[in-house]
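One file, target_32.tsv, is given below (TSV, C-alpha atoms and all ligand atoms).
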```
chain	number	residue	atom	x	y	z
K	1	MET	CA	227.16	-15.03	-79.12
K	2	SER	CA	228.87	-11.87	-77.95
K	3	THR	CA	227.16	-9.36	-80.19
K	4	GLN	CA	223.69	-8.19	-79.28
K	5	PRO	CA	221.43	-9.10	-82.17
K	6	ASN	CA	220.06	-5.99	-83.75
K	7	LEU	CA	216.46	-7.06	-83.85
K	8	THR	CA	214.23	-4.96	-85.98
K	9	ILE	CA	211.34	-7.28	-86.39
K	10	ASP	CA	209.22	-5.05	-88.64
K	11	GLY	CA	210.04	-7.38	-91.52
K	12	LEU	CA	208.93	-10.42	-89.53
K	13	ILE	CA	205.67	-8.75	-88.50
K	14	ALA	CA	205.02	-7.84	-92.15
K	15	GLU	CA	205.60	-11.47	-93.10
K	16	LEU	CA	203.21	-12.69	-90.39
K	17	LEU	CA	200.55	-10.31	-91.69
K	18	ALA	CA	201.20	-11.39	-95.28
K	19	LEU	CA	200.92	-15.05	-94.31
K	20	GLY	CA	197.63	-14.22	-92.54
K	21	GLN	CA	196.27	-12.85	-95.80
K	22	ILE	CA	196.53	-16.34	-97.28
K	23	SER	CA	193.28	-17.72	-95.95
K	24	GLU	CA	190.19	-19.60	-97.04
K	25	ALA	CA	188.15	-17.08	-95.00
K	26	GLU	CA	188.02	-13.32	-95.42
K	27	PRO	CA	191.16	-11.85	-93.74
K	28	PRO	CA	191.91	-11.07	-90.95
K	29	VAL	CA	190.11	-14.34	-90.18
K	30	VAL	CA	192.54	-17.16	-90.89
K	31	THR	CA	191.34	-20.57	-92.08
K	32	ARG	CA	194.04	-22.72	-93.61
K	33	VAL	CA	193.18	-26.38	-93.62
K	34	VAL	CA	195.88	-28.83	-94.65
K	35	PHE	CA	196.24	-29.42	-98.41
K	36	SER	CA	193.68	-26.69	-99.20
K	37	LYS	CA	194.58	-24.06	-101.81
K	38	ALA	CA	195.36	-21.64	-98.98
K	39	ASP	CA	197.67	-24.17	-97.32
K	40	MET	CA	199.50	-24.72	-100.61
K	41	ARG	CA	199.88	-20.97	-101.21
K	42	ALA	CA	201.07	-20.43	-97.64
K	43	ARG	CA	203.65	-23.21	-98.02
K	44	ALA	CA	204.90	-21.64	-101.26
K	45	TYR	CA	205.17	-18.25	-99.53
K	46	VAL	CA	207.20	-19.64	-96.63
K	47	ARG	CA	209.40	-21.74	-98.95
K	48	GLY	CA	210.17	-18.57	-100.89
K	49	LEU	CA	211.23	-16.78	-97.71
K	50	CYS	CA	213.45	-19.72	-96.74
K	51	GLU	CA	215.08	-19.75	-100.18
K	52	SER	CA	215.73	-16.01	-99.97
K	53	ALA	CA	217.43	-16.65	-96.64
K	54	GLY	CA	219.75	-19.12	-98.36
K	55	LEU	CA	218.32	-22.26	-96.75
K	56	THR	CA	218.24	-25.63	-98.50
K	57	LEU	CA	214.72	-27.04	-98.83
K	58	ARG	CA	213.48	-30.59	-98.68
K	59	GLU	CA	210.00	-32.06	-98.26
K	60	ASP	CA	209.00	-35.51	-97.11
K	61	ALA	CA	206.16	-37.71	-98.36
K	62	ILE	CA	203.51	-35.99	-96.22
K	63	GLY	CA	204.77	-32.46	-96.86
K	64	ASN	CA	206.78	-31.84	-93.72
K	65	THR	CA	209.22	-29.20	-94.94
K	66	PHE	CA	212.85	-28.91	-93.84
K	67	ALA	CA	214.78	-25.70	-94.49
K	68	ARG	CA	218.40	-26.23	-93.58
K	69	TRP	CA	221.23	-23.86	-92.79
K	70	GLU	CA	224.29	-26.00	-93.29
K	71	GLY	CA	226.66	-26.04	-90.36
K	72	ILE	CA	230.46	-26.32	-90.45
K	73	ASP	CA	230.31	-30.04	-89.57
K	74	GLN	CA	227.61	-31.58	-91.70
K	75	SER	CA	228.19	-35.02	-90.23
K	76	LEU	CA	226.56	-33.88	-86.97
K	77	ALA	CA	222.82	-34.15	-86.29
K	78	PRO	CA	221.21	-30.74	-86.73
K	79	ILE	CA	219.51	-28.49	-84.22
K	80	GLY	CA	215.82	-28.28	-85.11
K	81	THR	CA	213.26	-25.53	-84.65
K	82	GLY	CA	209.88	-24.86	-86.24
K	83	SER	CA	206.13	-25.29	-85.93
K	84	HIS	CA	203.10	-25.34	-88.23
K	85	ILE	CA	201.28	-22.98	-90.59
K	86	ASP	CA	197.94	-24.76	-90.91
K	87	ALA	CA	195.08	-23.10	-89.01
K	88	ILE	CA	191.69	-24.28	-87.80
K	89	PRO	CA	188.60	-22.56	-89.24
K	90	ASN	CA	188.14	-19.04	-87.89
K	91	ALA	CA	191.60	-18.79	-86.38
K	92	GLY	CA	194.17	-16.03	-86.00
K	93	LEU	CA	197.63	-15.08	-87.19
K	94	TYR	CA	200.01	-16.35	-84.57
K	95	ASP	CA	199.41	-19.97	-83.54
K	96	GLY	CA	202.18	-21.97	-85.23
K	97	CYS	CA	203.19	-19.17	-87.60
K	98	VAL	CA	205.21	-17.41	-84.89
K	99	GLY	CA	207.29	-20.56	-84.50
K	100	VAL	CA	207.88	-20.93	-88.25
K	101	LEU	CA	208.51	-17.31	-89.25
K	102	GLY	CA	210.09	-16.50	-85.85
K	103	GLY	CA	212.41	-19.48	-86.28
K	104	LEU	CA	213.33	-18.25	-89.74
K	105	GLU	CA	213.94	-14.75	-88.36
K	106	ALA	CA	216.22	-16.18	-85.66
K	107	ILE	CA	218.27	-17.89	-88.38
K	108	ARG	CA	218.41	-14.70	-90.45
K	109	VAL	CA	219.57	-12.68	-87.43
K	110	LEU	CA	222.36	-15.19	-86.73
K	111	LYS	CA	223.40	-15.09	-90.37
K	112	GLN	CA	223.51	-11.29	-90.33
K	113	LEU	CA	225.73	-11.39	-87.26
K	114	GLY	CA	228.16	-13.56	-89.18
K	115	TYR	CA	227.62	-16.52	-86.90
K	116	LYS	CA	228.74	-19.87	-88.33
K	117	PRO	CA	226.98	-22.80	-86.63
K	118	ARG	CA	228.99	-25.99	-86.10
K	119	ARG	CA	225.83	-28.09	-86.33
K	120	SER	CA	223.35	-27.41	-89.09
K	121	ILE	CA	220.18	-25.61	-88.01
K	122	GLU	CA	216.99	-26.93	-89.55
K	123	LEU	CA	213.68	-25.08	-89.65
K	124	VAL	CA	210.75	-27.51	-89.86
K	125	ILE	CA	207.23	-26.71	-91.05
K	126	PHE	CA	205.10	-29.63	-89.90
K	127	THR	CA	202.11	-30.79	-91.91
K	128	SER	CA	198.67	-30.55	-90.29
K	129	GLU	CA	199.28	-29.86	-86.63
K	130	GLU	CA	195.57	-29.11	-86.40
K	131	PRO	CA	193.15	-32.05	-86.51
K	132	THR	CA	190.60	-30.19	-88.68
K	133	ARG	CA	190.77	-32.28	-91.83
K	134	PHE	CA	191.60	-35.80	-90.70
K	135	GLY	CA	190.43	-35.69	-87.07
K	136	ILE	CA	193.93	-36.33	-85.78
K	137	GLY	CA	196.35	-33.64	-84.58
K	138	CYS	CA	200.08	-33.34	-85.29
K	139	LEU	CA	199.82	-35.55	-88.38
K	140	GLY	CA	203.26	-34.72	-89.79
K	141	SER	CA	205.23	-34.91	-86.56
K	142	ARG	CA	203.25	-37.98	-85.46
K	143	MET	CA	204.26	-39.78	-88.63
K	144	MET	CA	207.90	-38.67	-88.27
K	145	ALA	CA	207.87	-40.16	-84.79
K	146	GLY	CA	206.38	-43.40	-86.10
K	147	VAL	CA	203.47	-43.06	-83.68
K	148	LEU	CA	201.01	-43.15	-86.58
K	149	PRO	CA	202.03	-46.06	-88.83
K	150	ALA	CA	201.62	-45.73	-92.60
K	151	GLU	CA	198.78	-48.28	-92.86
K	152	LYS	CA	196.71	-46.36	-90.29
K	153	ALA	CA	197.50	-43.06	-92.00
K	154	LEU	CA	196.29	-44.50	-95.30
K	155	ALA	CA	192.91	-45.20	-93.71
K	156	LEU	CA	192.41	-41.52	-92.79
K	157	ARG	CA	189.68	-39.67	-94.68
K	158	ASP	CA	188.28	-36.17	-94.53
K	159	LYS	CA	184.54	-35.40	-94.15
K	160	GLU	CA	184.06	-35.55	-97.92
K	161	GLY	CA	185.53	-39.05	-97.98
K	162	ASN	CA	188.82	-38.08	-99.65
K	163	GLY	CA	191.67	-40.29	-98.53
K	164	LEU	CA	194.93	-38.97	-97.15
K	165	ASP	CA	196.93	-40.62	-99.93
K	166	GLU	CA	194.87	-39.03	-102.69
K	167	LEU	CA	195.00	-35.60	-101.05
K	168	ARG	CA	198.73	-35.58	-100.39
K	169	THR	CA	199.43	-36.80	-103.95
K	170	LYS	CA	197.25	-34.00	-105.35
K	171	ALA	CA	199.20	-31.59	-103.18
K	172	GLY	CA	202.38	-32.82	-104.82
K	173	PHE	CA	203.78	-35.05	-102.09
K	174	SER	CA	204.75	-38.53	-103.15
K	175	GLY	CA	206.94	-41.36	-101.94
K	176	ALA	CA	206.31	-44.13	-99.44
K	177	LEU	CA	204.68	-42.98	-96.22
K	178	GLU	CA	207.07	-45.32	-94.39
K	179	SER	CA	209.93	-43.04	-95.45
K	180	ILE	CA	208.59	-40.25	-93.22
K	181	VAL	CA	209.53	-42.11	-90.04
K	182	GLN	CA	212.74	-40.91	-88.40
K	183	SER	CA	214.77	-42.59	-85.71
K	184	TYR	CA	215.94	-41.17	-82.40
K	185	GLY	CA	218.74	-38.69	-82.94
K	186	ARG	CA	217.23	-37.18	-86.10
K	187	PHE	CA	217.80	-33.84	-84.39
K	188	HIS	CA	220.54	-33.33	-81.82
K	189	GLN	CA	218.04	-31.09	-80.01
K	190	PHE	CA	214.77	-29.45	-81.00
K	191	VAL	CA	213.12	-26.29	-79.67
K	192	GLU	CA	209.76	-24.83	-80.76
K	193	LEU	CA	208.74	-21.20	-80.33
K	194	HIS	CA	204.98	-20.81	-79.79
K	195	ILE	CA	202.38	-18.48	-78.32
K	196	GLU	CA	201.27	-19.59	-74.86
K	197	GLN	CA	197.56	-20.01	-75.72
K	198	GLY	CA	196.90	-19.28	-72.05
K	199	PRO	CA	196.87	-16.04	-70.03
K	200	TYR	CA	199.64	-16.53	-67.47
K	201	LEU	CA	202.73	-14.95	-69.03
K	202	GLU	CA	200.77	-11.80	-69.85
K	203	GLN	CA	199.16	-11.70	-66.39
K	204	GLU	CA	202.53	-12.04	-64.71
K	205	GLY	CA	204.16	-9.53	-67.07
K	206	LEU	CA	206.82	-12.01	-68.20
K	207	ASP	CA	208.58	-11.95	-71.57
K	208	VAL	CA	208.93	-15.69	-72.17
K	209	GLY	CA	208.02	-19.08	-70.72
K	210	LEU	CA	210.37	-22.07	-70.73
K	211	VAL	CA	208.31	-25.21	-71.12
K	212	THR	CA	209.38	-28.07	-68.84
K	213	HIS	CA	206.54	-30.51	-69.58
K	214	ILE	CA	203.92	-30.86	-72.29
K	215	ALA	CA	200.67	-32.42	-71.13
K	216	ALA	CA	199.11	-34.99	-73.41
K	217	PRO	CA	195.53	-36.11	-73.84
K	218	ALA	CA	193.94	-39.51	-73.76
K	219	SER	CA	190.55	-39.66	-75.35
K	220	LEU	CA	187.96	-42.33	-74.59
K	221	ARG	CA	184.83	-42.56	-76.73
K	222	ILE	CA	181.89	-44.03	-74.81
K	223	VAL	CA	178.64	-45.28	-76.32
K	224	ILE	CA	175.76	-46.08	-74.00
K	225	GLU	CA	172.82	-48.11	-75.32
K	226	GLY	CA	169.69	-48.06	-73.18
K	227	GLU	CA	166.04	-48.38	-74.01
K	228	GLY	CA	163.96	-45.65	-75.59
K	229	GLY	CA	160.26	-45.03	-75.20
K	230	HIS	CA	157.58	-42.45	-74.65
K	231	ALA	CA	158.54	-39.91	-71.98
K	232	GLY	CA	154.99	-40.06	-70.59
K	233	GLY	CA	153.97	-43.62	-71.31
K	234	LYS	CA	156.91	-45.35	-69.67
K	235	LEU	CA	157.06	-44.98	-65.89
K	236	MET	CA	160.30	-44.54	-63.93
K	237	PRO	CA	160.72	-48.07	-62.54
K	238	GLY	CA	162.68	-50.22	-64.97
K	239	ARG	CA	163.78	-47.40	-67.24
K	240	LYS	CA	167.11	-47.78	-69.03
K	241	ASP	CA	167.73	-44.13	-69.76
K	242	ALA	CA	171.04	-43.84	-71.64
K	243	LEU	CA	171.46	-40.14	-70.82
K	244	ALA	CA	170.93	-40.66	-67.09
K	245	ALA	CA	173.68	-43.32	-67.24
K	246	ALA	CA	175.87	-40.90	-69.21
K	247	ALA	CA	175.36	-38.24	-66.52
K	248	VAL	CA	176.81	-40.63	-63.94
K	249	LEU	CA	179.90	-41.07	-66.15
K	250	VAL	CA	180.34	-37.32	-66.66
K	251	LEU	CA	180.41	-36.80	-62.90
K	252	ALA	CA	182.60	-39.87	-62.37
K	253	LEU	CA	185.22	-38.41	-64.71
K	254	GLU	CA	185.10	-35.08	-62.93
K	255	SER	CA	185.62	-36.66	-59.56
K	256	ALA	CA	188.37	-39.03	-60.79
K	257	ALA	CA	190.29	-36.08	-62.28
K	258	LYS	CA	189.95	-34.10	-59.05
K	259	SER	CA	190.87	-37.05	-56.87
K	260	THR	CA	194.50	-37.23	-58.09
K	261	GLY	CA	195.09	-34.05	-56.09
K	262	ALA	CA	197.37	-32.77	-58.86
K	263	ILE	CA	196.62	-29.41	-60.48
K	264	ASP	CA	197.88	-30.83	-63.79
K	265	THR	CA	195.18	-33.51	-64.06
K	266	VAL	CA	192.14	-32.44	-66.08
K	267	GLY	CA	189.17	-34.41	-67.38
K	268	THR	CA	186.48	-33.14	-69.74
K	269	VAL	CA	183.46	-34.50	-71.54
K	270	GLY	CA	183.27	-32.20	-74.55
K	271	VAL	CA	180.79	-34.10	-76.70
K	272	CYS	CA	177.45	-35.59	-75.71
K	273	GLU	CA	175.22	-36.78	-78.55
K	274	VAL	CA	171.76	-37.88	-77.52
K	275	PHE	CA	169.54	-40.12	-79.66
K	276	PRO	CA	166.80	-39.60	-80.67
K	277	GLY	CA	167.04	-36.16	-79.07
K	278	ALA	CA	163.35	-35.35	-78.70
K	279	VAL	CA	161.84	-33.77	-75.61
K	280	ASN	CA	159.20	-36.44	-75.19
K	281	SER	CA	161.44	-39.42	-75.86
K	282	ILE	CA	163.60	-41.38	-73.42
K	283	PRO	CA	167.20	-41.28	-74.69
K	284	SER	CA	168.08	-44.71	-76.05
K	285	ARG	CA	171.65	-44.02	-77.11
K	286	VAL	CA	174.29	-41.53	-76.02
K	287	LYS	CA	177.81	-40.98	-77.31
K	288	LEU	CA	180.34	-39.22	-75.08
K	289	GLU	CA	183.77	-38.01	-76.16
K	290	THR	CA	186.12	-37.52	-73.24
K	291	ASP	CA	189.51	-35.84	-72.93
K	292	ILE	CA	191.85	-36.58	-70.03
K	293	ARG	CA	195.18	-34.78	-69.76
K	294	ASP	CA	198.18	-34.69	-67.50
K	295	ILE	CA	201.93	-34.22	-67.58
K	296	ASP	CA	202.31	-37.58	-65.85
K	297	ARG	CA	201.30	-40.56	-67.93
K	298	ALA	CA	200.67	-42.99	-65.06
K	299	ARG	CA	198.48	-40.48	-63.24
K	300	ARG	CA	196.52	-39.69	-66.38
K	301	ASP	CA	196.03	-43.35	-67.14
K	302	SER	CA	194.78	-43.94	-63.58
K	303	VAL	CA	191.93	-41.51	-64.30
K	304	LEU	CA	191.26	-43.32	-67.55
K	305	ASP	CA	191.11	-46.62	-65.67
K	306	ALA	CA	188.73	-45.16	-63.06
K	307	LEU	CA	186.43	-43.98	-65.86
K	308	ARG	CA	186.53	-47.36	-67.58
K	309	SER	CA	185.68	-49.15	-64.37
K	310	GLU	CA	182.73	-46.80	-63.78
K	311	CYS	CA	181.57	-47.68	-67.31
K	312	THR	CA	181.35	-51.31	-66.20
K	313	GLY	CA	179.69	-50.31	-62.92
K	314	VAL	CA	177.02	-48.13	-64.49
K	315	ALA	CA	176.24	-50.81	-67.08
K	316	GLU	CA	175.58	-53.33	-64.33
K	317	ARG	CA	173.60	-51.02	-62.06
K	318	ARG	CA	171.41	-49.51	-64.76
K	319	GLY	CA	171.06	-52.40	-67.18
K	320	VAL	CA	172.49	-50.46	-70.10
K	321	THR	CA	175.25	-51.51	-72.50
K	322	VAL	CA	178.39	-49.41	-72.41
K	323	THR	CA	181.12	-49.78	-75.01
K	324	THR	CA	184.36	-47.84	-74.95
K	325	GLU	CA	187.00	-47.10	-77.54
K	326	LEU	CA	190.36	-45.56	-76.77
K	327	VAL	CA	190.66	-42.98	-79.55
K	328	ASN	CA	194.15	-41.91	-78.58
K	329	ALA	CA	196.52	-41.87	-75.62
K	330	ASP	CA	199.50	-39.72	-76.48
K	331	PRO	CA	202.62	-39.57	-74.35
K	332	PRO	CA	203.19	-36.55	-72.10
K	333	THR	CA	206.60	-34.98	-72.65
K	334	VAL	CA	209.37	-34.16	-70.21
K	335	CYS	CA	211.56	-31.47	-71.73
K	336	ASP	CA	215.34	-31.71	-71.90
K	337	GLU	CA	217.28	-30.00	-69.12
K	338	ALA	CA	220.23	-29.06	-71.36
K	339	ILE	CA	217.92	-27.17	-73.73
K	340	LEU	CA	216.11	-25.58	-70.79
K	341	SER	CA	219.43	-24.34	-69.39
K	342	ALA	CA	220.37	-22.93	-72.78
K	343	LEU	CA	217.00	-21.17	-72.94
K	344	GLU	CA	217.43	-19.83	-69.42
K	345	GLU	CA	220.96	-18.51	-70.08
K	346	SER	CA	219.73	-16.96	-73.32
K	347	ALA	CA	216.79	-15.25	-71.62
K	348	LYS	CA	219.15	-13.83	-68.99
K	349	ALA	CA	221.68	-12.67	-71.59
K	350	ALA	CA	218.90	-11.04	-73.60
K	351	GLY	CA	217.62	-9.27	-70.47
K	352	LYS	CA	214.23	-10.99	-70.70
K	353	THR	CA	212.07	-12.05	-67.78
K	354	TYR	CA	210.94	-15.66	-67.76
K	355	LYS	CA	209.56	-18.56	-65.78
K	356	ARG	CA	209.47	-22.31	-66.19
K	357	MET	CA	205.99	-23.59	-67.00
K	358	VAL	CA	203.88	-26.48	-68.28
K	359	ALA	CA	202.33	-26.54	-71.77
K	360	ARG	CA	198.70	-27.56	-71.43
K	361	ALA	CA	197.93	-27.97	-75.11
K	362	TYR	CA	199.99	-30.40	-77.10
K	363	HIS	CA	202.23	-29.44	-79.96
K	364	ASP	CA	204.36	-31.00	-82.70
K	365	THR	CA	207.18	-30.96	-80.15
K	366	SER	CA	205.26	-33.62	-78.17
K	367	PHE	CA	205.94	-36.04	-81.03
K	368	VAL	CA	209.39	-34.74	-81.91
K	369	SER	CA	210.27	-35.83	-78.35
K	370	CYS	CA	210.13	-39.42	-79.65
K	371	ILE	CA	213.07	-38.70	-81.98
K	372	ALA	CA	215.06	-36.00	-80.13
K	373	PRO	CA	215.53	-34.15	-76.85
K	374	VAL	CA	213.10	-31.20	-76.93
K	375	ALA	CA	211.87	-28.07	-75.20
K	376	MET	CA	209.53	-25.20	-76.04
K	377	LEU	CA	209.71	-21.44	-75.70
K	378	PHE	CA	206.44	-19.62	-75.09
K	379	ILE	CA	205.64	-15.96	-75.60
K	380	PRO	CA	202.51	-14.29	-74.18
K	381	CYS	CA	199.33	-13.86	-76.19
K	382	ARG	CA	196.77	-11.23	-75.32
K	383	GLY	CA	194.16	-12.44	-72.84
K	384	GLY	CA	195.29	-16.01	-73.42
K	385	VAL	CA	193.10	-15.96	-76.53
K	386	SER	CA	193.96	-18.44	-79.27
K	387	HIS	CA	192.20	-20.29	-82.09
K	388	ARG	CA	190.18	-17.09	-82.68
K	389	PRO	CA	190.58	-14.24	-85.17
K	390	ASP	CA	191.39	-11.82	-82.32
K	391	GLU	CA	194.42	-13.88	-81.28
K	392	TYR	CA	197.26	-11.39	-80.79
K	393	ALA	CA	200.91	-11.27	-79.78
K	394	SER	CA	202.59	-7.88	-79.72
K	395	PRO	CA	205.73	-7.16	-81.78
K	396	GLU	CA	207.61	-6.77	-78.48
K	397	TRP	CA	206.57	-10.24	-77.30
K	398	ILE	CA	207.45	-11.77	-80.64
K	399	GLY	CA	210.75	-9.90	-80.66
K	400	SER	CA	211.61	-11.25	-77.20
K	401	GLY	CA	210.82	-14.78	-78.31
K	402	VAL	CA	212.92	-14.51	-81.46
K	403	HIS	CA	215.80	-12.94	-79.53
K	404	VAL	CA	215.87	-15.75	-76.94
K	405	LEU	CA	215.41	-18.38	-79.65
K	406	ALA	CA	218.29	-16.98	-81.74
K	407	ARG	CA	220.65	-17.05	-78.78
K	408	THR	CA	219.52	-20.56	-77.87
K	409	LEU	CA	219.98	-21.94	-81.39
K	410	ALA	CA	223.46	-20.40	-81.48
K	411	LYS	CA	224.35	-22.02	-78.15
K	412	LEU	CA	222.95	-25.42	-79.09
K	413	ALA	CA	224.61	-25.43	-82.53
K	414	GLU	CA	228.04	-24.53	-81.12
P	501	ZN	ZN	200.03	-24.40	-82.65
```

What do you get writing this file as C-alpha cells?
Amino acid sequence: MSTQPNLTIDGLIAELLALGQISEAEPPVVTRVVFSKADMRARAYVRGLCESAGLTLREDAIGNTFARWEGIDQSLAPIGTGSHIDAIPNAGLYDGCVGVLGGLEAIRVLKQLGYKPRRSIELVIFTSEEPTRFGIGCLGSRMMAGVLPAEKALALRDKEGNGLDELRTKAGFSGALESIVQSYGRFHQFVELHIEQGPYLEQEGLDVGLVTHIAAPASLRIVIEGEGGHAGGKLMPGRKDALAAAAVLVLALESAAKSTGAIDTVGTVGVCEVFPGAVNSIPSRVKLETDIRDIDRARRDSVLDALRSECTGVAERRGVTVTTELVNADPPTVCDEAILSALEESAKAAGKTYKRMVARAYHDTSFVSCIAPVAMLFIPCRGGVSHRPDEYASPEWIGSGVHVLARTLAKLAE
C-alpha cells in the first residue's frame, strides 16, 4: 500500500459511541449480554454499517456474523479480522467493539484508497465472547473451532434455566449447531484488534502491541467435605475443618505457580464458598474455584498437577474428602510469525511505535487459532482499566490501531 491512508476516525468514534448507547444499563454504562434485546439491537446496528460499506453478510447457527469484502480471487481462503460486541454487566465502550468497528473502518479505508484485495477480507463478529450468560467464554469462536461440541452446547443454560437452543432460536439463529464447526484453513490468516486490558503500552508510551502468545486458563473446581460442629463445643483435636484444608490448597496453588520460575505462570483462587458460613460453626464444606494460566501448556498443566496432588495429600492428612472437577483447560496460543512480521512492517510504515507482548486475557483469537494462523494487535487503554464503565481508549490510540490493521490486512490479502 503506497498511499498513506487518510484516517479521519471521527466517524468511527461516533459509531463506537452510538454502539455504546445500545445497552441494558443506563449509558455510558454498557451491559450487553448475548441474545438480550440490547445484543440484538447492537447486532442490527453493526450489520447496517457493514451493508453500507458494501460487505456481504452471513450468519451461522449461533449468530457468528461474517461480513465479507470479496477479493479478486474468490477461490482463496479469506483474511479474517474481528472481535465481539457483547459486554459484561457494567462494562465500557471499547472491549471487543474496537476490534469490530475498527476492523470495519480498516476495510472502509482500504476501499476508499481503491485497494483491490486478492484474497477476500472477512470481518467476523463472534457470538458471546463474554461468559456472562452461559458461564463459558468465547462461545461462538469455541464452537467454530469445534472445541465445544454441539451436544455439550445444547446442555448450556442461563441462570433462569433457559437453554442455549431456545435462546438462539428466539434470537433468529437456526440450523444444526454442528454446521458451525470449521476446519483448519477456514481463514488464510486471522488478526484481531483489541484494547490491551492492561497498563503496559500506555506506561511505555507505545502506540501498539503485537501479540506473540495468548495465555490460556485451566480451571479446577475443588469441593472439600469435612465435618461441621459447634465452634465452642468441639475441641481442636480431631477436627475436620473444611476451610482449614482449603487454606492449605490456596497456599499450595500460590507456591506451585511461583515455583515454575516463569513470570507468565499465574494461579488464583477467586471463589471460596464456605458452608454453613456462620461465625460459631465449623465449616463442613468449602468450594474453591481456581484459575491457572500460562502461555506454555505443559508448564501450566504442571501447576494443575501439583494442585491435584496436594488435594490428595490434604485429604489424607486432614481426614477430609476432596473432589475435583476440571471445568476447562483451554490451549495457550502461539501467534503466527508471518502475521507478526506483517504487523511489524505495517507499524513501521505507519510510523507507529510498538513492542511484541503476551496477551494475558484470552480472546476469540485463542480459538480461531484452531482453524487458522493468528495474531493480535493491541492498542493502549487508559490505566489498563477494562470491564468497567470508565474503560477508555483515545481516538489517537484507536486511529493508530486501525492504521496498522489496515496496512496489515492489505499486505496479508495481497
Ligand atoms: Zn474482548

Cut-off 8 Å, only C-alpha atoms and all ligand atoms, neighbours of ligand ZN 501 (chain P) as a list in words: Ser83, His84, Asp95, Gly96, Cys97, Glu129, Glu130, His194, Ile195, His363 and Asp364 of chain K

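Here the question is which of K:Val208, K:Leu139, K:Val33, K:Ala91 gets nearest to Ile62 in chain K using all atoms listed in the file, and that residue is K:Leu139.
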
Lys287 in chain K surroundings by all atoms listed in the file, 12 Å radius, close-in-sequence under 3 positions cut, as a PyMOL selection string: chain K and resi 220-226+242-243+245-247+249-250+269-277+283-284+290+321-325

Could those residues be written to a file, using C-alpha atoms, as a compact mmCIF listing (two decimals), in the coordinates of the input?
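That gives us again_26.txt:
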```
# COMPACT_ATOMS: atom_id res chain seq x y z
CA LEU K 220 187.96 -42.33 -74.59
CA ARG K 221 184.83 -42.56 -76.73
CA ILE K 222 181.89 -44.03 -74.81
CA VAL K 223 178.64 -45.28 -76.32
CA ILE K 224 175.76 -46.08 -74.00
CA GLU K 225 172.82 -48.11 -75.32
CA GLY K 226 169.69 -48.06 -73.18
CA ALA K 242 171.04 -43.84 -71.64
CA LEU K 243 171.46 -40.14 -70.82
CA ALA K 245 173.68 -43.32 -67.24
CA ALA K 246 175.87 -40.90 -69.21
CA ALA K 247 175.36 -38.24 -66.52
CA LEU K 249 179.90 -41.07 -66.15
CA VAL K 250 180.34 -37.32 -66.66
CA VAL K 269 183.46 -34.50 -71.54
CA GLY K 270 183.27 -32.20 -74.55
CA VAL K 271 180.79 -34.10 -76.70
CA CYS K 272 177.45 -35.59 -75.71
CA GLU K 273 175.22 -36.78 -78.55
CA VAL K 274 171.76 -37.88 -77.52
CA PHE K 275 169.54 -40.12 -79.66
CA PRO K 276 166.80 -39.60 -80.67
CA GLY K 277 167.04 -36.16 -79.07
CA PRO K 283 167.20 -41.28 -74.69
CA SER K 284 168.08 -44.71 -76.05
CA THR K 290 186.12 -37.52 -73.24
CA THR K 321 175.25 -51.51 -72.50
CA VAL K 322 178.39 -49.41 -72.41
CA THR K 323 181.12 -49.78 -75.01
CA THR K 324 184.36 -47.84 -74.95
CA GLU K 325 187.00 -47.10 -77.54
```

Could you name the residues that touch Arg407 in chain K at 12 Å or less, counting all atoms listed in the file, but leaving out those on the same chain fewer than 2 positions away, as a JSON list (two decimals) with C-alpha atoms, in the coordinates of the input?
```json
[["chain", "number", "residue", "atom", "x", "y", "z"],
["K", 1, "MET", "CA", 227.16, -15.03, -79.12],
["K", 2, "SER", "CA", 228.87, -11.87, -77.95],
["K", 3, "THR", "CA", 227.16, -9.36, -80.19],
["K", 4, "GLN", "CA", 223.69, -8.19, -79.28],
["K", 5, "PRO", "CA", 221.43, -9.10, -82.17],
["K", 7, "LEU", "CA", 216.46, -7.06, -83.85],
["K", 103, "GLY", "CA", 212.41, -19.48, -86.28],
["K", 105, "GLU", "CA", 213.94, -14.75, -88.36],
["K", 106, "ALA", "CA", 216.22, -16.18, -85.66],
["K", 107, "ILE", "CA", 218.27, -17.89, -88.38],
["K", 109, "VAL", "CA", 219.57, -12.68, -87.43],
["K", 110, "LEU", "CA", 222.36, -15.19, -86.73],
["K", 113, "LEU", "CA", 225.73, -11.39, -87.26],
["K", 115, "TYR", "CA", 227.62, -16.52, -86.90],
["K", 117, "PRO", "CA", 226.98, -22.80, -86.63],
["K", 191, "VAL", "CA", 213.12, -26.29, -79.67],
["K", 339, "ILE", "CA", 217.92, -27.17, -73.73],
["K", 341, "SER", "CA", 219.43, -24.34, -69.39],
["K", 342, "ALA", "CA", 220.37, -22.93, -72.78],
["K", 343, "LEU", "CA", 217.00, -21.17, -72.94],
["K", 344, "GLU", "CA", 217.43, -19.83, -69.42],
["K", 345, "GLU", "CA", 220.96, -18.51, -70.08],
["K", 346, "SER", "CA", 219.73, -16.96, -73.32],
["K", 347, "ALA", "CA", 216.79, -15.25, -71.62],
["K", 348, "LYS", "CA", 219.15, -13.83, -68.99],
["K", 349, "ALA", "CA", 221.68, -12.67, -71.59],
["K", 350, "ALA", "CA", 218.90, -11.04, -73.60],
["K", 351, "GLY", "CA", 217.62, -9.27, -70.47],
["K", 352, "LYS", "CA", 214.23, -10.99, -70.70],
["K", 400, "SER", "CA", 211.61, -11.25, -77.20],
["K", 401, "GLY", "CA", 210.82, -14.78, -78.31],
["K", 402, "VAL", "CA", 212.92, -14.51, -81.46],
["K", 403, "HIS", "CA", 215.80, -12.94, -79.53],
["K", 404, "VAL", "CA", 215.87, -15.75, -76.94],
["K", 405, "LEU", "CA", 215.41, -18.38, -79.65],
["K", 409, "LEU", "CA", 219.98, -21.94, -81.39],
["K", 410, "ALA", "CA", 223.46, -20.40, -81.48],
["K", 411, "LYS", "CA", 224.35, -22.02, -78.15],
["K", 412, "LEU", "CA", 222.95, -25.42, -79.09],
["K", 413, "ALA", "CA", 224.61, -25.43, -82.53],
["K", 414, "GLU", "CA", 228.04, -24.53, -81.12]]
```

Contacts of Ala372 in chain K at 10 Å (all atoms listed in the file; same-chain gap of 5+ positions) as a ChimeraX atom specification: /K:79-80,145,182-191,336,365,367

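Coordinates place CA of Leu148 in chain K at a distance of 28.4 Å from CA of Cys50 in chain K.
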
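Considering only C-alpha atoms, the residue among K:Glu196, K:Asp73, K:Glu227, K:Asp301 positioned nearest to His387 in chain K is K:Glu196.
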